[in-house]
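One file, input-v8.cif, carrying mmCIF, C-alpha atoms:
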data_query
loop_
_atom_site.label_atom_id
_atom_site.label_comp_id
_atom_site.auth_asym_id
_atom_site.auth_seq_id
_atom_site.Cartn_x
_atom_site.Cartn_y
_atom_site.Cartn_z
CA MET A 24 0.00 0.00 0.00
CA SER A 25 2.80 2.41 0.87
CA GLY A 26 4.29 1.80 -2.58
CA LYS A 27 1.00 2.72 -4.25
CA ILE A 28 0.77 5.88 -2.17
CA ALA A 29 4.32 6.81 -3.14
CA ASP A 30 3.52 6.19 -6.81
CA PHE A 31 0.40 8.36 -6.53
CA ALA A 32 2.43 11.13 -4.89
CA ARG A 33 4.98 11.00 -7.73
CA TYR A 34 2.06 11.18 -10.19
CA LEU A 35 0.76 14.31 -8.49
CA ARG A 36 4.19 15.90 -8.63
CA THR A 37 3.89 15.86 -12.42
CA GLU A 38 2.87 19.41 -13.24
CA THR A 39 0.72 18.37 -16.19
CA VAL A 40 -1.37 16.20 -13.88
CA GLY A 41 -1.68 19.04 -11.39
CA GLY A 42 -2.84 21.38 -14.15
CA MET A 43 -5.45 18.86 -15.34
CA VAL A 44 -6.80 18.36 -11.82
CA LEU A 45 -6.98 22.14 -11.31
CA LEU A 46 -8.84 22.80 -14.56
CA GLY A 47 -11.16 19.85 -13.87
CA ALA A 48 -12.08 21.28 -10.46
CA THR A 49 -12.69 24.67 -12.09
CA ALA A 50 -15.05 23.16 -14.67
CA VAL A 51 -16.96 21.29 -11.96
CA ALA A 52 -17.32 24.50 -9.92
CA LEU A 53 -18.65 26.54 -12.85
CA LEU A 54 -21.10 23.84 -13.93
CA TRP A 55 -22.28 23.21 -10.38
CA ALA A 56 -22.75 26.91 -9.59
CA ASN A 57 -24.79 27.45 -12.78
CA SER A 58 -26.92 24.31 -12.55
CA PRO A 59 -30.21 23.50 -10.75
CA LEU A 60 -27.99 22.14 -7.95
CA SER A 61 -26.46 25.57 -7.30
CA PRO A 62 -28.20 25.99 -3.89
CA ALA A 63 -26.25 22.94 -2.67
CA TYR A 64 -23.00 24.43 -3.96
CA PHE A 65 -23.45 27.80 -2.29
CA GLY A 66 -24.81 26.20 0.86
CA LEU A 67 -21.66 24.08 1.17
CA ARG A 68 -19.34 26.97 0.27
CA ASP A 69 -20.94 29.26 2.87
CA LEU A 70 -21.19 26.61 5.60
CA HIS A 71 -19.23 27.74 8.65
CA LEU A 72 -16.70 25.39 10.21
CA GLY A 73 -15.43 27.16 13.30
CA PRO A 74 -14.50 30.80 12.66
CA LEU A 75 -14.51 30.59 8.84
CA SER A 76 -16.75 29.32 6.06
CA VAL A 77 -15.73 26.34 3.92
CA GLY A 78 -14.96 28.75 1.06
CA ASP A 79 -12.78 30.91 3.32
CA TRP A 80 -10.90 27.88 4.64
CA ALA A 81 -10.16 26.94 1.01
CA LYS A 82 -9.23 30.49 -0.04
CA ASP A 83 -7.24 31.55 3.02
CA GLY A 84 -6.13 28.20 4.43
CA LEU A 85 -5.49 25.67 1.67
CA LEU A 86 -4.16 28.31 -0.71
CA ALA A 87 -1.55 29.22 1.93
CA VAL A 88 -0.14 25.69 1.47
CA PHE A 89 0.21 26.35 -2.27
CA PHE A 90 1.87 29.71 -1.60
CA PHE A 91 4.27 28.02 0.83
CA VAL A 92 5.30 25.46 -1.80
CA ALA A 93 5.59 28.18 -4.48
CA GLY A 94 7.60 30.32 -2.06
CA LEU A 95 9.99 27.43 -1.37
CA GLU A 96 10.63 27.04 -5.08
CA LEU A 97 11.10 30.79 -5.47
CA LYS A 98 13.57 30.91 -2.56
CA ARG A 99 15.53 28.01 -4.03
CA GLU A 100 15.71 29.70 -7.42
CA LEU A 101 16.80 32.99 -5.82
CA VAL A 102 19.62 31.38 -3.84
CA VAL A 103 20.96 28.55 -5.98
CA GLY A 104 18.94 28.53 -9.20
CA GLU A 105 17.96 30.59 -12.23
CA LEU A 106 17.39 33.77 -10.21
CA SER A 107 20.66 33.74 -8.28
CA ASN A 108 21.95 36.28 -10.82
CA PHE A 109 20.67 39.76 -9.91
CA LYS A 110 19.80 40.76 -13.47
CA ALA A 111 17.80 37.56 -13.91
CA ALA A 112 16.03 38.03 -10.56
CA ILE A 113 15.08 41.67 -11.17
CA LEU A 114 13.36 41.00 -14.52
CA PRO A 115 10.17 39.32 -13.17
CA ILE A 116 9.88 42.01 -10.49
CA ILE A 117 10.02 44.80 -13.08
CA ALA A 118 7.69 42.82 -15.36
CA ALA A 119 5.17 42.35 -12.53
CA ILE A 120 5.15 46.07 -11.75
CA GLY A 121 4.52 46.87 -15.42
CA GLY A 122 1.86 44.17 -15.49
CA MET A 123 0.02 45.88 -12.63
CA ILE A 124 0.36 49.54 -13.66
CA VAL A 125 -0.71 49.27 -17.31
CA PRO A 126 -3.92 47.23 -16.73
CA ALA A 127 -4.90 49.59 -13.91
CA LEU A 128 -4.43 52.61 -16.20
CA VAL A 129 -6.40 50.90 -18.99
CA ALA A 130 -9.30 50.07 -16.67
CA LEU A 131 -9.25 53.57 -15.17
CA GLY A 132 -9.15 55.22 -18.59
CA ILE A 133 -12.00 53.21 -20.09
CA GLY A 134 -14.16 53.29 -16.95
CA TRP A 135 -13.49 56.93 -16.06
CA GLY A 136 -16.58 58.62 -14.66
CA GLN A 137 -18.45 55.39 -13.89
CA PRO A 138 -19.70 54.78 -10.34
CA GLY A 139 -17.25 52.57 -8.46
CA ILE A 140 -14.26 53.08 -10.78
CA GLU A 141 -12.36 54.76 -7.93
CA LYS A 142 -11.74 51.24 -6.61
CA ALA A 143 -12.68 49.00 -9.54
CA TRP A 144 -9.54 50.07 -11.44
CA ALA A 145 -7.72 47.50 -9.28
CA ILE A 146 -9.68 44.51 -10.65
CA PRO A 147 -7.29 43.68 -13.55
CA VAL A 148 -4.02 44.14 -11.60
CA ALA A 149 -3.94 40.54 -10.35
CA THR A 150 -2.61 37.35 -11.92
CA ASP A 151 -3.91 34.07 -10.52
CA ILE A 152 -0.69 32.16 -9.89
CA ALA A 153 -2.30 28.74 -9.49
CA PHE A 154 -4.28 28.91 -12.72
CA ALA A 155 -1.48 30.53 -14.71
CA LEU A 156 0.98 27.80 -13.71
CA GLY A 157 -1.67 25.15 -14.42
CA VAL A 158 -2.13 26.35 -18.01
CA LEU A 159 1.65 26.64 -18.45
CA ALA A 160 2.14 23.07 -17.24
CA LEU A 161 -0.41 21.74 -19.75
CA THR A 162 0.88 23.61 -22.79
CA ALA A 163 4.56 24.44 -22.44
CA SER A 164 6.43 21.18 -21.87
CA GLY A 165 8.95 22.06 -24.59
CA LEU A 166 9.89 25.49 -23.28
CA PRO A 167 12.97 26.27 -21.17
CA SER A 168 12.44 25.78 -17.44
CA SER A 169 13.60 29.36 -16.93
CA LEU A 170 10.24 30.57 -18.30
CA ARG A 171 8.35 28.73 -15.59
CA VAL A 172 10.61 30.33 -13.00
CA PHE A 173 9.96 33.72 -14.64
CA LEU A 174 6.17 33.21 -14.49
CA LEU A 175 6.31 31.88 -10.93
CA SER A 176 8.35 34.87 -9.75
CA LEU A 177 6.22 37.35 -11.68
CA ALA A 178 2.97 35.86 -10.37
CA VAL A 179 4.17 35.82 -6.74
CA VAL A 180 5.22 39.49 -6.95
CA ASP A 181 1.96 40.28 -8.79
CA ASP A 182 -0.16 38.57 -6.14
CA LEU A 183 1.75 40.30 -3.35
CA GLY A 184 1.11 43.62 -5.12
CA ALA A 185 -2.59 42.82 -5.48
CA ILE A 186 -2.80 41.94 -1.80
CA VAL A 187 -1.13 45.25 -0.93
CA VAL A 188 -3.75 47.01 -3.08
CA ILE A 189 -6.50 45.12 -1.25
CA ALA A 190 -4.96 46.07 2.09
CA ILE A 191 -4.82 49.78 1.15
CA LEU A 192 -8.21 50.08 -0.52
CA PHE A 193 -10.39 47.60 1.34
CA THR A 194 -8.99 46.71 4.76
CA ALA A 195 -11.41 48.20 7.25
CA LYS A 196 -9.14 47.67 10.25
CA PHE A 197 -5.59 46.58 10.91
CA ASN A 198 -4.84 44.65 14.09
CA LEU A 199 -1.43 45.86 15.22
CA LEU A 200 -1.13 43.28 18.03
CA ALA A 201 -1.80 40.39 15.64
CA ALA A 202 0.72 41.82 13.16
CA GLY A 203 3.27 42.07 15.98
CA ALA A 204 2.67 38.41 16.83
CA VAL A 205 3.33 37.52 13.18
CA VAL A 206 6.67 39.35 13.25
CA LEU A 207 7.71 37.55 16.45
CA LEU A 208 6.69 34.14 15.10
CA LEU A 209 8.56 34.72 11.84
CA ALA A 210 11.64 35.78 13.81
CA LEU A 211 11.35 32.59 15.89
CA TYR A 212 11.02 30.49 12.72
CA TRP A 213 14.16 32.12 11.25
CA PHE A 214 16.07 31.59 14.51
CA LEU A 215 15.16 27.88 14.62
CA GLN A 216 16.22 27.50 10.98
CA HIS A 217 19.49 29.24 11.80
CA LYS A 218 20.04 26.88 14.75
CA ARG A 219 19.36 23.84 12.49
CA ILE A 220 16.31 22.70 14.47
CA THR A 221 14.39 20.14 12.38
CA SER A 222 11.47 18.95 14.54
CA ALA A 223 8.06 19.19 12.86
CA TRP A 224 6.50 19.26 16.35
CA ILE A 225 7.95 22.76 16.71
CA TYR A 226 7.51 24.08 13.17
CA VAL A 227 3.92 23.02 12.53
CA PRO A 228 2.46 24.92 15.53
CA ILE A 229 4.57 27.97 14.58
CA ALA A 230 3.30 27.83 10.98
CA LEU A 231 -0.33 27.46 12.06
CA ALA A 232 -0.03 30.29 14.57
CA THR A 233 1.65 32.53 11.97
CA TRP A 234 -1.18 31.84 9.53
CA TRP A 235 -3.86 32.56 12.16
CA PHE A 236 -2.35 35.82 13.39
CA MET A 237 -1.77 36.95 9.80
CA HIS A 238 -5.46 36.34 9.14
CA GLU A 239 -6.43 38.19 12.31
CA SER A 240 -4.20 41.14 11.45
CA GLY A 241 -6.37 41.97 8.43
CA VAL A 242 -3.68 41.04 5.90
CA HIS A 243 -4.45 38.23 3.44
CA ALA A 244 -3.49 35.02 5.24
CA THR A 245 -1.71 33.46 2.24
CA ILE A 246 1.13 35.95 2.82
CA ALA A 247 2.08 33.77 5.79
CA GLY A 248 2.93 30.92 3.40
CA VAL A 249 5.23 33.09 1.31
CA ALA A 250 6.91 34.65 4.35
CA LEU A 251 7.66 31.29 6.01
CA ALA A 252 8.95 29.85 2.73
CA LEU A 253 11.36 32.74 2.16
CA LEU A 254 12.80 32.19 5.65
CA THR A 255 13.41 28.47 5.06
CA ARG A 256 17.00 27.34 4.56
CA VAL A 257 17.84 26.22 1.00
CA ARG A 258 21.54 25.34 1.27
CA ARG A 259 22.19 21.92 2.75
CA ASP A 260 24.87 21.30 5.35
CA PRO A 261 27.52 18.64 4.65
CA TYR A 262 25.77 16.11 6.91
CA GLU A 263 22.35 16.60 5.25
CA GLN A 264 21.02 14.66 2.26
CA GLU A 265 18.64 17.52 1.41
CA ALA A 266 18.20 21.12 2.49
CA PRO A 267 15.01 21.82 4.50
CA ALA A 268 13.41 23.75 1.62
CA VAL A 269 13.95 20.89 -0.84
CA ARG A 270 12.68 18.30 1.64
CA LEU A 271 9.55 20.31 2.44
CA GLU A 272 8.84 21.05 -1.21
CA HIS A 273 9.12 17.34 -2.05
CA ARG A 274 6.75 16.32 0.75
CA LEU A 275 4.17 19.06 0.38
CA GLN A 276 3.95 19.39 -3.42
CA PRO A 277 1.59 16.39 -3.87
CA TRP A 278 -0.71 17.75 -1.15
CA SER A 279 -0.63 21.16 -2.80
CA ALA A 280 -1.35 19.84 -6.30
CA GLY A 281 -3.77 17.08 -5.31
CA VAL A 282 -5.73 18.68 -2.46
CA ALA A 283 -5.06 22.34 -1.72
CA VAL A 284 -5.29 23.85 -5.20
CA PRO A 285 -8.19 21.73 -6.56
CA VAL A 286 -10.32 22.31 -3.45
CA PHE A 287 -9.49 26.01 -3.58
CA ALA A 288 -10.55 26.09 -7.25
CA LEU A 289 -13.74 24.18 -6.49
CA PHE A 290 -14.93 26.82 -4.05
CA ALA A 291 -13.40 29.88 -5.74
CA ALA A 292 -14.46 29.28 -9.35
CA GLY A 293 -18.16 28.74 -8.71
CA VAL A 294 -19.38 32.09 -10.00
CA PRO A 295 -22.96 32.31 -11.30
CA VAL A 296 -22.85 33.74 -14.79
CA GLY A 297 -26.41 34.66 -15.68
CA ALA A 298 -27.76 35.82 -19.04
CA GLU A 299 -28.35 39.28 -17.58
CA ALA A 300 -24.70 39.78 -16.61
CA LEU A 301 -23.48 38.49 -19.97
CA GLY A 302 -25.97 40.68 -21.81
CA LYS A 303 -24.69 43.81 -20.07
CA LEU A 304 -21.06 42.89 -20.55
CA PHE A 305 -20.33 45.07 -23.56
CA ASP A 306 -22.50 47.97 -22.40
CA ASP A 307 -20.65 48.37 -19.09
CA LYS A 308 -17.51 50.54 -19.34
CA ILE A 309 -16.02 49.10 -16.15
CA ALA A 310 -16.47 45.55 -17.48
CA ILE A 311 -14.90 46.52 -20.81
CA GLY A 312 -12.01 48.16 -18.96
CA VAL A 313 -11.49 44.98 -16.92
CA MET A 314 -11.45 42.78 -20.03
CA VAL A 315 -9.12 45.02 -22.02
CA GLY A 316 -6.92 45.51 -18.97
CA LEU A 317 -6.49 41.77 -18.43
CA VAL A 318 -6.22 40.57 -22.03
CA VAL A 319 -4.28 43.50 -23.53
CA GLY A 320 -2.96 45.61 -20.64
CA LYS A 321 -1.22 42.69 -18.94
CA VAL A 322 0.71 41.72 -22.07
CA VAL A 323 1.68 45.30 -22.88
CA GLY A 324 2.73 45.98 -19.28
CA ILE A 325 4.74 42.78 -18.77
CA VAL A 326 6.43 42.73 -22.18
CA GLY A 327 6.99 46.50 -22.27
CA ALA A 328 8.54 46.65 -18.81
CA SER A 329 10.68 43.59 -19.53
CA ALA A 330 11.91 44.98 -22.85
CA LEU A 331 12.80 48.33 -21.29
CA ALA A 332 14.67 46.64 -18.44
CA VAL A 333 16.72 44.56 -20.89
CA TRP A 334 17.21 47.55 -23.22
CA PHE A 335 18.69 49.61 -20.38
CA LYS A 336 20.78 46.58 -19.31
CA ALA A 337 19.16 46.49 -15.89
CA ALA A 338 18.04 42.89 -16.50
CA VAL A 339 18.54 39.94 -18.86
CA TRP A 340 16.10 37.62 -20.61
CA PRO A 341 15.55 34.21 -18.93
CA SER A 342 18.19 31.72 -20.05
CA GLY A 343 17.32 30.03 -23.32
CA ALA A 344 14.35 32.35 -23.90
CA GLY A 345 13.68 35.52 -25.84
CA PRO A 346 11.06 38.23 -26.39
CA ARG A 347 8.62 35.94 -28.24
CA ASP A 348 8.64 33.51 -25.32
CA ILE A 349 8.00 36.37 -22.90
CA VAL A 350 5.00 37.47 -24.98
CA ALA A 351 3.53 33.96 -24.74
CA VAL A 352 4.09 33.76 -20.99
CA ALA A 353 2.89 37.35 -20.47
CA THR A 354 -0.46 36.44 -22.02
CA LEU A 355 -1.00 34.18 -19.00
CA GLY A 356 -0.84 37.32 -16.87
CA GLY A 357 -4.39 38.01 -18.05
CA VAL A 358 -5.67 35.05 -16.07
CA GLY A 359 -6.83 37.23 -13.17
CA PHE A 360 -9.56 34.90 -11.96
CA THR A 361 -9.88 34.46 -8.19
CA VAL A 362 -8.01 37.54 -6.93
CA SER A 363 -9.66 39.71 -9.57
CA LEU A 364 -13.06 38.26 -8.63
CA LEU A 365 -12.35 39.11 -5.00
CA ILE A 366 -11.44 42.72 -5.84
CA ALA A 367 -14.57 43.02 -8.02
CA GLU A 368 -16.71 41.85 -5.12
CA LEU A 369 -15.04 44.28 -2.73
CA SER A 370 -15.10 47.31 -5.02
CA LEU A 371 -18.60 47.19 -6.56
CA ASP A 372 -22.06 46.97 -5.01
CA GLN A 373 -23.35 45.16 -8.11
CA ALA A 374 -20.39 43.08 -9.19
CA GLU A 375 -22.03 40.41 -11.37
CA THR A 376 -21.15 42.06 -14.69
CA ALA A 377 -17.55 42.76 -13.60
CA LYS A 378 -17.20 39.16 -12.43
CA ALA A 379 -18.47 37.94 -15.80
CA ALA A 380 -15.85 40.19 -17.42
CA VAL A 381 -13.11 38.63 -15.29
CA LEU A 382 -14.21 35.11 -16.21
CA LEU A 383 -14.42 35.88 -19.93
CA ALA A 384 -11.08 37.71 -19.95
CA SER A 385 -9.38 34.90 -18.01
CA MET A 386 -10.75 32.33 -20.45
CA ILE A 387 -9.62 34.37 -23.48
CA ALA A 388 -6.17 34.90 -21.96
CA SER A 389 -5.85 31.18 -21.17
CA LEU A 390 -6.78 30.14 -24.72
CA LEU A 391 -4.51 32.73 -26.36
CA ALA A 392 -1.64 31.78 -24.07
CA ALA A 393 -2.18 28.08 -24.78
CA VAL A 394 -1.93 28.67 -28.54
CA LEU A 395 1.16 30.85 -28.21
CA LEU A 396 2.88 28.53 -25.73
CA ILE A 397 2.28 25.45 -27.89
CA ARG A 398 3.74 27.29 -30.90
CA ARG A 399 6.77 28.41 -28.91
CA SER A 400 7.23 24.86 -27.56
CA ARG A 401 7.28 23.55 -31.12
CA ALA A 402 9.72 26.28 -32.16
CA HIS A 403 12.09 25.34 -29.35
CA GLY A 404 11.71 21.68 -30.27
CA THR A 405 12.65 22.45 -33.86
CA MET A 406 15.66 24.50 -32.76
CA SER A 407 16.95 21.67 -30.54
CA GLU A 408 16.85 19.08 -33.35
#
Final structure tokens representation of the file:
Amino acid sequence: MSGKIADFARYLRTETVGGMVLLGATAVALLWANSPLSPAYFGLRDLHLGPLSVGDWAKDGLLAVFFFVAGLELKRELVVGELSNFKAAILPIIAAIGGMIVPALVALGIGWGQPGIEKAWAIPVATDIAFALGVLALTASGLPSSLRVFLLSLAVVDDLGAIVVIAILFTAKFNLLAAGAVVLLLALYWFLQHKRITSAWIYVPIALATWWFMHESGVHATIAGVALALLTRVRRDPYEQEAPAVRLEHRLQPWSAGVAVPVFALFAAGVPVGAEALGKLFDDKIAIGVMVGLVVGKVVGIVGASALAVWFKAAVWPSGAGPRDIVAVATLGGVGFTVSLLIAELSLDQAETAKAAVLLASMIASLLAAVLLIRRSRAHGTMSE
């Protein structure tokens, strides 16, 4: 039995499988939420288990596991991998900033004067890291691994930026005591890593407490996953077979791909898309601004900022990749999905049309990116022959 479990875990570590499971859960959520069985879906999503609803546990809790695993990979790449060179590491940061500013300006320009645009401009700034990586895994097997690292880094910075925007625009209160507890717990985690403590009996309670106090502080709880990951040691000592970051990534990745992300998608993607919202889509300037911002603004912002950074020699293209590859990957930036849906809900009293715009834009961006990524994969395959 243990051998079968190990084989299943290895299967889940395959990114293509993770992407298929993620997209399958998304399809189930959309169909369920728009079917006669929708009351059961929303009843389950809104059911409270302790202090949070099932949907909130998925969004704030399970997604933190994914962010922890993504953060471990990012930390490893920053220290010993593709991003250990400063000019390689700075490119996705600059690209993410461009990919937030341009869509926001597009949405603001198109929606100027409309009620709610003072906050709704933020809807297209986000890239959904889980969905973007899922599409990349399904369509870009022939591309250099450096492009996945580029997208991962860009999406993490992008999501952090979106969460900062949410904190500034929509956080009603900030709990300073809870934030102080987070700082102390993170300092303790770093100290234990520095002292080479390895006991899970110590780290698991610290991680759970960090997540809880982050949630209570008013800051998006998934930030706890990124923060803990970036404090995890990635260089192994001579007596170690693996560094802690590598060991944790290996153990947690199947849980992230097979449980955390699909369950998150199941409860995040269930958005009712009625005929009324779709009918108003192209008559609503905010909705049009959101769609253009995600599908066009993201590509222009990411590619433009990247090209300028390379032009001024502040950064370099990912190894083995060039501008055409960046265009293909940048198209995935338009997959705003869950974070964009959250901002739409927070910024507008009647958010159905804006949510429909996010879904349509994310679908268009996914399909365009898939076509471009498959073409670039074939091009790289031809070049390697």
- Nearest to A:Leu395: which of A:Met237, A:Val158, A:Ala178, A:Leu208 is it, counting only C-alpha atoms?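 For A:Leu395, the nearest of the given residues is A:Val158.
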- Of the listed residues A:Ala145, A:Val257, A:Val92, A:Leu97, that which approaches A:Pro277 most closely, counting all atoms listed in the file: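 Ranked by minimum distance to A:Pro277, first place goes to A:Val92.
Distance annotation: of A:Leu275, A:Leu192, A:Ala374, A:Leu365, the residue with the minimal separation from A:Val88 is A:Leu275; atom set is all atoms listed in the file.
The point (3.5, 34.7, 11.9) has these residues within 9 Å of it when all atoms listed in the file are used: A:Ala201, A:Ala202, A:Gly203, A:Ala204, A:Val205, A:Val206, A:Leu207, A:Leu208, A:Leu209, A:Ala210, A:Tyr212, A:Ile229, A:Ala230, A:Leu231, A:Ala232, A:Thr233, A:Trp234, A:Trp235, A:Phe236, A:Met237, A:Ala247, A:Ala250, A:Leu251.
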- Item | Residue list as a VMD selection string for point (-2.4, 44.9, -7.1), cut-off 6 Å, all atoms listed in the file | chain A and resid 148 to 149 184 to 185 188
- Query: If the PyMOL selection byres ((chain A and resi 320-329) around 7) is run on the structure shown, which residues does it catch, given as a PyMOL selection string?
  - Reply: chain A and resi 114+117-119+121-122+125-126+129+315-319+330-333+349-350+353-354+356-357
